[in-house]
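Q: Structure file start_25.pdb (PDB, C-alpha atoms) right here:
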```
ATOM      1  CA  MET A 217      42.366  65.428 -67.661
ATOM      2  CA  THR A 218      39.095  63.969 -66.366
ATOM      3  CA  THR A 219      38.675  62.930 -62.744
ATOM      4  CA  GLN A 220      35.933  61.922 -60.317
ATOM      5  CA  GLN A 221      34.568  63.755 -57.294
ATOM      6  CA  ILE A 222      31.952  63.084 -54.617
ATOM      7  CA  VAL A 223      29.427  65.895 -54.261
ATOM      8  CA  LEU A 224      26.616  66.657 -51.832
ATOM      9  CA  SER A 225      23.404  66.015 -53.753
ATOM     10  CA  ALA A 226      20.933  66.899 -50.970
ATOM     11  CA  ARG A 227      20.939  68.268 -47.426
ATOM     12  CA  PRO A 228      20.148  65.438 -45.000
ATOM     13  CA  LYS A 229      17.112  65.436 -42.760
ATOM     14  CA  GLY A 230      18.310  63.659 -39.647
ATOM     15  CA  LEU A 231      20.768  60.832 -40.251
ATOM     16  CA  PRO A 232      22.424  61.151 -43.692
ATOM     17  CA  VAL A 233      21.798  58.429 -46.270
ATOM     18  CA  SER A 234      23.740  57.331 -49.339
ATOM     19  CA  ASP A 235      21.362  59.231 -51.651
ATOM     20  CA  ASP A 236      22.621  62.497 -50.143
ATOM     21  CA  PHE A 237      25.838  61.973 -52.137
ATOM     22  CA  ARG A 238      26.656  61.274 -55.770
ATOM     23  CA  MET A 239      29.689  60.724 -57.949
ATOM     24  CA  ALA A 240      30.444  63.310 -60.629
ATOM     25  CA  GLN A 241      33.084  63.795 -63.302
ATOM     26  CA  ILE A 242      34.968  67.016 -64.017
ATOM     27  CA  ASP A 243      37.759  68.138 -66.310
ATOM     28  CA  LEU A 244      40.842  69.632 -64.680
ATOM     29  CA  PRO A 245      42.446  72.702 -66.267
ATOM     30  CA  GLU A 246      46.101  72.964 -67.239
ATOM     31  CA  LEU A 247      48.563  73.643 -64.429
ATOM     32  CA  LYS A 248      49.595  77.243 -63.887
ATOM     33  CA  PRO A 249      52.909  78.445 -62.429
ATOM     34  CA  GLY A 250      52.976  77.829 -58.652
ATOM     35  CA  GLU A 251      50.438  74.989 -58.849
ATOM     36  CA  ILE A 252      50.721  71.228 -58.331
ATOM     37  CA  LEU A 253      48.643  68.300 -59.578
ATOM     38  CA  LEU A 254      47.834  65.933 -56.718
ATOM     39  CA  LYS A 255      46.458  62.403 -56.486
ATOM     40  CA  GLY A 256      44.614  61.584 -53.263
ATOM     41  CA  MET A 257      46.063  58.798 -51.116
ATOM     42  CA  TYR A 258      44.215  59.043 -47.768
ATOM     43  CA  TYR A 259      41.045  60.998 -46.976
ATOM     44  CA  SER A 260      40.024  62.010 -43.467
ATOM     45  CA  VAL A 261      36.427  61.357 -42.397
ATOM     46  CA  ASP A 262      35.292  63.326 -39.347
ATOM     47  CA  PRO A 263      32.083  63.879 -37.321
ATOM     48  CA  TYR A 264      32.177  67.677 -37.810
ATOM     49  CA  MET A 265      31.399  67.102 -41.494
ATOM     50  CA  ARG A 266      27.794  66.346 -40.546
ATOM     51  CA  GLY A 267      27.307  69.919 -39.351
ATOM     52  CA  ARG A 268      28.691  71.273 -42.624
ATOM     53  CA  MET A 269      25.974  69.382 -44.503
ATOM     54  CA  ASN A 270      23.392  71.740 -42.988
ATOM     55  CA  ASP A 271      22.767  75.182 -44.431
ATOM     56  CA  ALA A 272      23.403  76.878 -41.112
ATOM     57  CA  LYS A 273      25.810  79.463 -39.772
ATOM     58  CA  SER A 274      28.741  77.914 -37.932
ATOM     59  CA  TYR A 275      32.476  78.305 -37.425
ATOM     60  CA  VAL A 276      33.057  77.020 -40.969
ATOM     61  CA  ALA A 277      31.055  77.468 -44.177
ATOM     62  CA  PRO A 278      28.573  74.689 -45.071
ATOM     63  CA  PHE A 279      29.148  72.326 -47.965
ATOM     64  CA  GLU A 280      27.387  73.472 -51.116
ATOM     65  CA  ILE A 281      24.866  71.403 -53.046
ATOM     66  CA  ASP A 282      26.361  69.830 -56.207
ATOM     67  CA  GLN A 283      29.854  70.736 -55.039
ATOM     68  CA  PRO A 284      32.437  68.306 -53.638
ATOM     69  CA  LEU A 285      32.819  67.790 -49.925
ATOM     70  CA  ASN A 286      36.268  68.576 -48.594
ATOM     71  CA  GLY A 287      38.507  67.814 -45.645
ATOM     72  CA  GLY A 288      41.971  66.670 -44.662
ATOM     73  CA  VAL A 289      43.715  64.738 -47.428
ATOM     74  CA  ILE A 290      47.138  63.140 -47.831
ATOM     75  CA  ALA A 291      48.135  63.274 -51.501
ATOM     76  CA  GLU A 292      51.043  62.551 -53.828
ATOM     77  CA  VAL A 293      52.409  65.159 -56.210
ATOM     78  CA  VAL A 294      51.892  63.897 -59.768
ATOM     79  CA  GLU A 295      53.075  67.006 -61.606
ATOM     80  CA  SER A 296      54.524  70.275 -60.354
ATOM     81  CA  LYS A 297      54.931  73.783 -61.641
ATOM     82  CA  SER A 298      56.193  74.929 -58.241
ATOM     83  CA  ASP A 299      59.776  75.252 -57.086
ATOM     84  CA  GLN A 300      58.712  73.990 -53.657
ATOM     85  CA  PHE A 301      57.453  70.560 -54.740
ATOM     86  CA  LYS A 302      58.536  67.775 -57.058
ATOM     87  CA  SER A 303      56.816  64.697 -58.439
ATOM     88  CA  GLY A 304      56.565  61.987 -55.769
ATOM     89  CA  ASP A 305      56.386  64.355 -52.779
ATOM     90  CA  VAL A 306      53.710  63.471 -50.200
ATOM     91  CA  VAL A 307      51.697  66.428 -48.882
ATOM     92  CA  ILE A 308      48.797  67.233 -46.593
ATOM     93  CA  GLY A 309      46.137  69.895 -46.971
ATOM     94  CA  HIS A 310      42.442  70.716 -46.912
ATOM     95  CA  PHE A 311      41.306  69.435 -50.289
ATOM     96  CA  PRO A 312      38.136  68.353 -52.122
ATOM     97  CA  TRP A 313      36.838  64.801 -52.291
ATOM     98  CA  GLN A 314      38.337  64.207 -55.733
ATOM     99  CA  LYS A 315      40.638  61.503 -57.056
ATOM    100  CA  GLU A 316      42.949  64.127 -58.573
ATOM    101  CA  PHE A 317      42.955  67.860 -57.959
ATOM    102  CA  ILE A 318      45.017  71.001 -58.413
ATOM    103  CA  ALA A 319      46.357  73.030 -55.498
ATOM    104  CA  THR A 320      48.525  76.075 -55.085
ATOM    105  CA  GLU A 321      51.876  75.711 -53.363
ATOM    106  CA  LYS A 322      50.473  77.604 -50.367
ATOM    107  CA  GLU A 323      47.688  75.056 -49.841
ATOM    108  CA  ALA A 324      49.969  72.022 -49.440
ATOM    109  CA  LYS A 325      52.533  71.043 -46.835
ATOM    110  CA  LYS A 326      55.067  68.219 -47.124
ATOM    111  CA  VAL A 327      54.917  65.406 -44.593
ATOM    112  CA  ASP A 328      57.822  63.379 -43.263
ATOM    113  CA  THR A 329      57.013  59.787 -44.212
ATOM    114  CA  ASP A 330      60.157  58.597 -42.408
ATOM    115  CA  LEU A 331      58.725  59.726 -39.053
ATOM    116  CA  ALA A 332      55.379  57.997 -39.388
ATOM    117  CA  SER A 333      52.906  56.447 -41.813
ATOM    118  CA  PRO A 334      51.342  59.123 -44.057
ATOM    119  CA  SER A 335      47.873  58.375 -42.666
ATOM    120  CA  HIS A 336      49.058  59.284 -39.150
ATOM    121  CA  TYR A 337      49.203  62.933 -40.268
ATOM    122  CA  LEU A 338      45.411  62.834 -40.521
ATOM    123  CA  GLY A 339      45.177  61.374 -37.021
ATOM    124  CA  VAL A 340      47.543  61.364 -34.079
ATOM    125  CA  LEU A 341      50.013  63.777 -35.762
ATOM    126  CA  GLY A 342      47.291  65.894 -37.371
ATOM    127  CA  MET A 343      44.072  67.643 -36.430
ATOM    128  CA  THR A 344      42.883  64.675 -34.368
ATOM    129  CA  GLY A 345      45.959  64.603 -32.148
ATOM    130  CA  LEU A 346      46.082  68.379 -31.866
ATOM    131  CA  THR A 347      42.409  68.503 -30.867
ATOM    132  CA  ALA A 348      43.055  65.983 -28.099
ATOM    133  CA  TYR A 349      46.248  67.695 -26.939
ATOM    134  CA  PHE A 350      45.004  71.280 -26.748
ATOM    135  CA  GLY A 351      41.518  70.417 -25.496
ATOM    136  CA  LEU A 352      42.891  68.351 -22.644
ATOM    137  CA  MET A 353      46.076  70.225 -21.760
ATOM    138  CA  HIS A 354      44.950  73.835 -22.253
ATOM    139  CA  ILE A 355      41.305  73.574 -21.134
ATOM    140  CA  GLY A 356      41.166  70.385 -19.054
ATOM    141  CA  LYS A 357      44.536  71.090 -17.374
ATOM    142  CA  PRO A 358      44.779  67.633 -15.762
ATOM    143  CA  LYS A 359      46.810  67.158 -12.607
ATOM    144  CA  ALA A 360      48.389  63.956 -11.317
ATOM    145  CA  GLY A 361      45.939  61.960  -9.207
ATOM    146  CA  GLU A 362      42.819  63.486 -10.789
ATOM    147  CA  THR A 363      40.080  61.514 -12.539
ATOM    148  CA  VAL A 364      39.552  62.094 -16.264
ATOM    149  CA  VAL A 365      36.486  60.770 -18.095
ATOM    150  CA  VAL A 366      36.387  60.627 -21.902
ATOM    151  CA  SER A 367      33.208  60.009 -23.891
ATOM    152  CA  GLY A 368      33.558  58.699 -27.419
ATOM    153  CA  ALA A 369      36.733  57.213 -25.978
ATOM    154  CA  ALA A 370      37.323  54.693 -28.776
ATOM    155  CA  GLY A 371      37.122  57.388 -31.430
ATOM    156  CA  ALA A 372      40.054  59.149 -33.027
ATOM    157  CA  VAL A 373      40.227  61.995 -30.506
ATOM    158  CA  GLY A 374      39.157  60.016 -27.444
ATOM    159  CA  ILE A 375      41.901  57.399 -27.708
ATOM    160  CA  VAL A 376      44.559  60.120 -27.770
ATOM    161  CA  VAL A 377      42.957  62.073 -24.917
ATOM    162  CA  GLY A 378      42.967  59.041 -22.643
ATOM    163  CA  GLN A 379      46.624  58.255 -23.299
ATOM    164  CA  ILE A 380      47.730  61.852 -22.724
ATOM    165  CA  ALA A 381      45.767  61.905 -19.462
ATOM    166  CA  LYS A 382      47.594  58.752 -18.345
ATOM    167  CA  LEU A 383      50.902  60.434 -19.173
ATOM    168  CA  GLN A 384      49.864  63.185 -16.746
ATOM    169  CA  GLY A 385      49.348  60.645 -13.947
ATOM    170  CA  CYS A 386      45.539  60.610 -14.003
ATOM    171  CA  HIS A 387      42.952  57.904 -13.337
ATOM    172  CA  VAL A 388      41.276  57.559 -16.760
ATOM    173  CA  VAL A 389      37.796  56.235 -17.526
ATOM    174  CA  GLY A 390      36.572  55.792 -21.099
ATOM    175  CA  ILE A 391      33.010  55.485 -22.371
ATOM    176  CA  ALA A 392      32.452  53.577 -25.626
ATOM    177  CA  GLY A 393      29.769  51.578 -27.428
ATOM    178  CA  SER A 394      30.837  47.931 -27.403
ATOM    179  CA  ASP A 395      32.560  45.368 -25.205
ATOM    180  CA  GLU A 396      35.258  44.989 -27.867
ATOM    181  CA  LYS A 397      36.028  48.713 -27.702
ATOM    182  CA  THR A 398      36.010  48.933 -23.914
ATOM    183  CA  LYS A 399      38.368  45.956 -23.704
ATOM    184  CA  LEU A 400      40.688  47.569 -26.270
ATOM    185  CA  LEU A 401      40.792  50.823 -24.295
ATOM    186  CA  LYS A 402      42.103  48.980 -21.233
ATOM    187  CA  THR A 403      44.400  46.413 -22.845
ATOM    188  CA  ASP A 404      45.949  48.491 -25.651
ATOM    189  CA  PHE A 405      45.647  52.119 -24.583
ATOM    190  CA  GLY A 406      46.068  52.044 -20.807
ATOM    191  CA  PHE A 407      42.647  53.252 -19.638
ATOM    192  CA  ASP A 408      41.988  52.296 -16.032
ATOM    193  CA  GLU A 409      38.266  51.660 -16.521
ATOM    194  CA  ALA A 410      35.908  51.560 -19.499
ATOM    195  CA  ILE A 411      32.103  51.578 -19.648
ATOM    196  CA  ASN A 412      29.930  50.223 -22.467
ATOM    197  CA  TYR A 413      27.059  52.690 -22.491
ATOM    198  CA  LYS A 414      24.940  50.445 -24.727
ATOM    199  CA  THR A 415      24.774  47.627 -22.171
ATOM    200  CA  THR A 416      24.831  49.720 -18.979
ATOM    201  CA  ALA A 417      21.389  50.145 -17.463
ATOM    202  CA  ASP A 418      22.291  53.032 -15.137
ATOM    203  CA  MET A 419      25.112  55.243 -16.428
ATOM    204  CA  ASN A 420      24.932  57.482 -13.375
ATOM    205  CA  LYS A 421      25.737  54.576 -11.044
ATOM    206  CA  ALA A 422      28.363  53.137 -13.392
ATOM    207  CA  ILE A 423      30.253  56.418 -13.560
ATOM    208  CA  ALA A 424      29.989  56.888  -9.799
ATOM    209  CA  ALA A 425      31.489  53.427  -9.277
ATOM    210  CA  ALA A 426      34.337  54.061 -11.737
ATOM    211  CA  CYS A 427      35.012  57.541 -10.330
ATOM    212  CA  PRO A 428      34.595  57.318  -6.534
ATOM    213  CA  LYS A 429      36.251  60.733  -6.017
ATOM    214  CA  GLY A 430      34.154  62.390  -8.713
ATOM    215  CA  VAL A 431      35.131  63.543 -12.205
ATOM    216  CA  ASP A 432      37.790  66.268 -12.290
ATOM    217  CA  VAL A 433      38.061  66.528 -16.081
ATOM    218  CA  TYR A 434      35.353  65.468 -18.521
ATOM    219  CA  PHE A 435      36.413  65.489 -22.176
ATOM    220  CA  ASP A 436      33.033  65.596 -23.910
ATOM    221  CA  ASN A 437      32.871  64.211 -27.444
ATOM    222  CA  VAL A 438      29.246  63.075 -27.531
ATOM    223  CA  GLY A 439      26.814  65.126 -25.423
ATOM    224  CA  GLY A 440      23.301  63.797 -24.820
ATOM    225  CA  GLU A 441      22.366  61.439 -22.004
ATOM    226  CA  ILE A 442      25.941  60.231 -21.525
ATOM    227  CA  SER A 443      27.101  63.743 -20.695
ATOM    228  CA  ASP A 444      24.097  64.247 -18.425
ATOM    229  CA  ALA A 445      25.225  61.234 -16.390
ATOM    230  CA  VAL A 446      28.870  62.304 -16.249
ATOM    231  CA  ILE A 447      28.044  65.831 -15.131
ATOM    232  CA  LYS A 448      25.908  64.482 -12.287
ATOM    233  CA  ASN A 449      29.186  63.023 -10.977
ATOM    234  CA  ILE A 450      31.322  66.100 -11.621
ATOM    235  CA  ALA A 451      33.739  67.216  -8.905
ATOM    236  CA  PHE A 452      34.164  70.677  -7.451
ATOM    237  CA  HIS A 453      36.326  72.958  -9.659
ATOM    238  CA  ALA A 454      36.171  70.423 -12.517
ATOM    239  CA  ARG A 455      36.929  71.358 -16.130
ATOM    240  CA  ILE A 456      34.905  70.240 -19.161
ATOM    241  CA  PRO A 457      36.517  70.643 -22.605
ATOM    242  CA  LEU A 458      33.523  70.577 -24.963
ATOM    243  CA  CYS A 459      34.848  69.005 -28.160
ATOM    244  CA  GLY A 460      31.878  67.347 -29.889
ATOM    245  CA  GLN A 461      28.210  66.455 -29.599
ATOM    246  CA  ILE A 462      27.905  63.519 -31.974
ATOM    247  CA  ALA A 463      24.853  62.145 -30.142
ATOM    248  CA  LEU A 464      22.930  65.253 -31.232
ATOM    249  CA  TYR A 465      24.242  65.937 -34.746
ATOM    250  CA  ASN A 466      21.403  64.100 -36.491
ATOM    251  CA  SER A 467      18.571  65.349 -34.263
ATOM    252  CA  THR A 468      15.600  66.738 -36.179
ATOM    253  CA  GLU A 469      14.131  68.389 -33.068
ATOM    254  CA  VAL A 470      15.691  70.326 -30.215
ATOM    255  CA  PRO A 471      16.421  67.631 -27.599
ATOM    256  CA  MET A 472      15.323  68.215 -24.030
ATOM    257  CA  GLY A 473      17.376  67.108 -21.072
ATOM    258  CA  PRO A 474      18.273  67.882 -17.469
ATOM    259  CA  ARG A 475      19.086  71.498 -16.643
ATOM    260  CA  LEU A 476      22.752  71.141 -15.747
ATOM    261  CA  GLN A 477      23.594  74.768 -14.988
ATOM    262  CA  PRO A 478      22.820  74.425 -11.243
ATOM    263  CA  ILE A 479      25.452  71.661 -10.983
ATOM    264  CA  LEU A 480      28.017  73.715 -12.904
ATOM    265  CA  LEU A 481      27.249  76.732 -10.736
ATOM    266  CA  THR A 482      27.273  75.126  -7.297
ATOM    267  CA  ARG A 483      30.402  73.069  -7.978
ATOM    268  CA  SER A 484      32.320  75.933  -9.647
ATOM    269  CA  VAL A 485      32.784  73.983 -12.890
ATOM    270  CA  LEU A 486      34.369  75.382 -16.050
ATOM    271  CA  MET A 487      32.811  74.207 -19.343
ATOM    272  CA  GLN A 488      34.488  75.574 -22.468
ATOM    273  CA  GLY A 489      33.691  74.770 -26.070
ATOM    274  CA  PHE A 490      36.525  74.933 -28.576
ATOM    275  CA  ILE A 491      37.569  74.234 -32.133
ATOM    276  CA  ILE A 492      41.112  73.345 -33.084
ATOM    277  CA  GLY A 493      41.541  76.612 -34.989
ATOM    278  CA  ASN A 494      41.489  78.447 -31.648
ATOM    279  CA  PHE A 495      45.010  77.126 -31.033
ATOM    280  CA  GLN A 496      46.509  77.589 -34.486
ATOM    281  CA  GLU A 497      49.397  79.731 -33.275
ATOM    282  CA  LYS A 498      50.379  76.930 -30.881
ATOM    283  CA  PHE A 499      50.352  74.098 -33.454
ATOM    284  CA  PRO A 500      54.174  73.741 -33.537
ATOM    285  CA  GLU A 501      54.163  73.098 -29.774
ATOM    286  CA  GLY A 502      51.496  70.424 -30.078
ATOM    287  CA  ILE A 503      53.022  68.675 -33.101
ATOM    288  CA  GLN A 504      56.449  68.573 -31.449
ATOM    289  CA  GLN A 505      55.084  67.048 -28.240
ATOM    290  CA  LEU A 506      52.842  64.518 -30.006
ATOM    291  CA  ALA A 507      55.669  63.439 -32.332
ATOM    292  CA  GLN A 508      57.985  62.973 -29.353
ATOM    293  CA  TRP A 509      55.458  60.772 -27.537
ATOM    294  CA  VAL A 510      54.874  58.699 -30.690
ATOM    295  CA  LYS A 511      58.626  58.286 -31.246
ATOM    296  CA  GLU A 512      59.111  57.208 -27.620
ATOM    297  CA  GLY A 513      56.289  54.675 -27.889
ATOM    298  CA  LYS A 514      54.211  56.492 -25.255
ATOM    299  CA  LEU A 515      51.385  57.381 -27.619
ATOM    300  CA  LYS A 516      49.743  54.681 -29.724
ATOM    301  CA  THR A 517      47.176  55.025 -32.445
ATOM    302  CA  THR A 518      44.690  52.863 -34.286
ATOM    303  CA  GLU A 519      42.852  53.428 -37.542
ATOM    304  CA  THR A 520      39.777  52.105 -39.285
ATOM    305  CA  ILE A 521      40.683  52.249 -42.975
ATOM    306  CA  GLU A 522      37.979  51.864 -45.619
ATOM    307  CA  GLN A 523      39.311  50.913 -49.034
ATOM    308  CA  GLY A 524      38.231  52.737 -52.196
ATOM    309  CA  PHE A 525      37.595  56.385 -53.001
ATOM    310  CA  GLU A 526      33.969  55.604 -53.841
ATOM    311  CA  ASN A 527      33.412  54.485 -50.229
ATOM    312  CA  LEU A 528      33.943  57.929 -48.682
ATOM    313  CA  PRO A 529      30.191  58.443 -48.046
ATOM    314  CA  LYS A 530      29.913  54.939 -46.563
ATOM    315  CA  ALA A 531      32.778  55.699 -44.191
ATOM    316  CA  LEU A 532      31.202  58.989 -43.125
ATOM    317  CA  LEU A 533      27.865  57.318 -42.405
ATOM    318  CA  GLY A 534      29.737  54.634 -40.462
ATOM    319  CA  LEU A 535      30.921  57.227 -37.948
ATOM    320  CA  PHE A 536      27.355  57.724 -36.732
ATOM    321  CA  LYS A 537      26.878  53.981 -36.302
ATOM    322  CA  GLY A 538      30.062  53.560 -34.271
ATOM    323  CA  GLU A 539      31.742  51.449 -36.944
ATOM    324  CA  ASN A 540      35.173  52.983 -36.347
ATOM    325  CA  THR A 541      37.790  52.352 -33.719
ATOM    326  CA  GLY A 542      40.208  55.248 -33.705
ATOM    327  CA  LYS A 543      40.588  57.412 -36.776
ATOM    328  CA  MET A 544      38.269  56.750 -39.732
ATOM    329  CA  ILE A 545      40.219  57.039 -42.988
ATOM    330  CA  VAL A 546      39.529  56.135 -46.610
ATOM    331  CA  GLU A 547      42.472  54.892 -48.653
ATOM    332  CA  ALA A 548      42.075  55.591 -52.346
TER     333      ALA A 548
END
```
Any chance you could put this one into structure tokens?
A:
Amino acid sequence: MTTQQIVLSARPKGLPVSDDFRMAQIDLPELKPGEILLKGMYYSVDPYMRGRMNDAKSYVAPFEIDQPLNGGVIAEVVESKSDQFKSGDVVIGHFPWQKEFIATEKEAKKVDTDLASPSHYLGVLGMTGLTAYFGLMHIGKPKAGETVVVSGAAGAVGIVVGQIAKLQGCHVVGIAGSDEKTKLLKTDFGFDEAINYKTTADMNKAIAAACPKGVDVYFDNVGGEISDAVIKNIAFHARIPLCGQIALYNSTEVPMGPRLQPILLTRSVLMQGFIIGNFQEKFPEGIQQLAQWVKEGKLKTTETIEQGFENLPKALLGLFKGENTGKMIVEA
């Protein structure tokens, strides 16, 4: 059987371009006992993938040149030589950017399509939701009455963080990149305030006005000048879950900025970087709580769905232009 895959053709210098990817064809081998043939349905597109395009040491191995990219995928079982799966089952796993692919029974996990849409398992009920839940609840530790600021607030993680913070009784301020997004954060997702950083002349003053008591928890998805401004308004004994630095991912030089350590020191602030794998043993706790909130209607989600397998690179590049609201997904 012949199928198509999207491979990394070159390592980007700065912002990736379409020429850094190419379509390739491969032949799949025959199924072996314990294996399943899968057809991709939904493909997750995430900011961390930019780091994996560099040939640099990190918490996960880089993508290889002329090899397919990979990430979270929802797929349908087409053929099975496993007792655990049958044709028609819907599964999730970490799979290559291919239209069809073979996996072992240990690499796939069934999803309950009666509980939620399959794509939700890539977002609010998947790594996105778990990242928001554990970063906020286990590092941010919000308390009722505190002020929580979320950068990248209209992204997949940020939208969930803000809603969970509201469930904890917090005053929540989101930072996003358009008036449409800031309006959506307040009207659809319950944020108390939202700031459009692209049209705000003085972020320091804007954050101070939105957070008159200071910032108790800053969930940092973007870094850069936005984080500089938030940290200038940080409260004593604040917590900063450091989730992402999307403003810096495409930098070709080491960016210079304010030296923030004196603020962290004198205000007794905790800043802790994390990856979702740090909490793997606690995943059942997070999934159970997120699913309960979704079922009760307390946790909403939104998705930007790009149609067509061939548009995976386009969707990935769109993340760095702010073209997504909520989770960016490609539907094959």
Q: Return as lines of an AutoDock Vina configuration file the centre and edge lengths, in Å with one decimal, of the box along x, y and z that encloses every atom of region 460-478 of chain A in the file, padded by 4 Å per side.
A:
```
center_x = 23.0
center_y = 68.5
center_z = -23.9
size_x = 25.7
size_y = 20.6
size_z = 33.2
```
Q: I'd like to see the residues matched by the PyMOL selection byres ((chain A and resi 459-466) around 7) on this file, and ideally I'd get them as a list in words.
A: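 Residues picked by the PyMOL selection byres ((chain A and resi 459-466) around 7): Gly230, Leu231, Pro263, Arg266, Gly267, Asp436, Asn437, Val438, Gly439, Gly440, Pro457, Leu458, Ser467, Thr468, Gly489 and Phe490 of chain A.
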Q: Go through the shown structure with the PyMOL selection byres ((chain A and resi 519) around 7) and write out the matching residues as a PyMOL selection string.
A: chain A and resi 517-518+520-521+541-544
Q: Pick the closest to Glu316 (chain A) from A:Ile252, A:Val276, A:Val366, A:Ala226: which is it, counting only C-alpha atoms?
A: A:Ile252
Q: As a check of understanding, name the residues that the PyMOL selection byres ((chain A and resi 236) around 8) selects in the supplied structure, as a PyMOL selection string.
A: chain A and resi 224-228+232-235+237-238
Q: Could you tell me which of A:Gly345, A:Phe317, A:Gly304, A:Ala240 comes closest to Val510 (chain A) if we count all atoms listed in the file?
A: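 Among A:Gly345, A:Phe317, A:Gly304, A:Ala240, it is A:Gly345 that comes nearest to Val510 (chain A).
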Q: What is the CA of Tyr349 (chain A)-CA of Gln505 (chain A) distance in Å, reported with one decimal?
A: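 If I compute the distance from CA of Tyr349 (chain A) to CA of Gln505 (chain A), I get 9.0 Å.
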Q: Counting all atoms listed in the file, which residues come within 7 Å of (44.6, 54.2, -49.2), with the point read in the file's coordinates, and could you list them as a list in words?
A: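 Checked against the point, the hits come out as Met257, Tyr258, Gln523, Val546, Glu547 and Ala548 of chain A.
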Q: Here is a test: counting all atoms listed in the file, which residue of A:Ala369, A:Ala422, A:Ile281, A:Ile318 is nearest to Ile222 (chain A)?
A: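 Of A:Ala369, A:Ala422, A:Ile281, A:Ile318, the one nearest Ile222 (chain A), counting all atoms listed in the file, is A:Ile281.
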Q: Between CA of Phe452 (chain A) and CA of Asp432 (chain A), what is the distance in Å, rounded to a tenth?
A: 7.5 Å
Q: Taking all atoms listed in the file into account, which of A:Tyr275, A:Ile442, A:Lys514, A:Leu481 comes nearest Val376 (chain A)?
A: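 That would be A:Lys514, the residue with the smallest distance to Val376 (chain A).
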Q: To one decimal place in Å, what is the distance between CA of Asp328 (chain A) and CA of Gly287 (chain A)?
A: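 Separation of CA of Asp328 (chain A) and CA of Gly287 (chain A): 20.0 Å.
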Q: Please identify all polymer residues lying at most 12 Å from the point (56.7, 64.7, -64.1) (file coordinates), using all atoms listed in the file, and present the result as a PyMOL selection string.
A: chain A and resi 252-254+292-298+301-305
Q: Would you mind telling me which residue in A:Ile492, A:Val289, A:Ala348, A:Val307 lies nearest to Lys326 (chain A) when using all atoms listed in the file?
A: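 Looking at the shortest contact to Lys326 (chain A), the residue is A:Val307.
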Q: Applying 6 Å and all atoms listed in the file, which residues near region 320-324 of chain A remain after dropping the ones on its own chain fewer than 3 positions away? List them as a PyMOL selection string.
A: chain A and resi 250-251+307-309
Q: Save out the residues we just selected, C-alpha atoms, as a PDB file, keeping the file's coordinate frame.
A:
```pdb
ATOM      1  CA  GLY A 250      52.976  77.829 -58.652  1.00  0.00           C
ATOM      2  CA  GLU A 251      50.438  74.989 -58.849  1.00  0.00           C
ATOM      3  CA  VAL A 307      51.697  66.428 -48.882  1.00  0.00           C
ATOM      4  CA  ILE A 308      48.797  67.233 -46.593  1.00  0.00           C
ATOM      5  CA  GLY A 309      46.137  69.895 -46.971  1.00  0.00           C
TER       6      GLY A 309
END
```
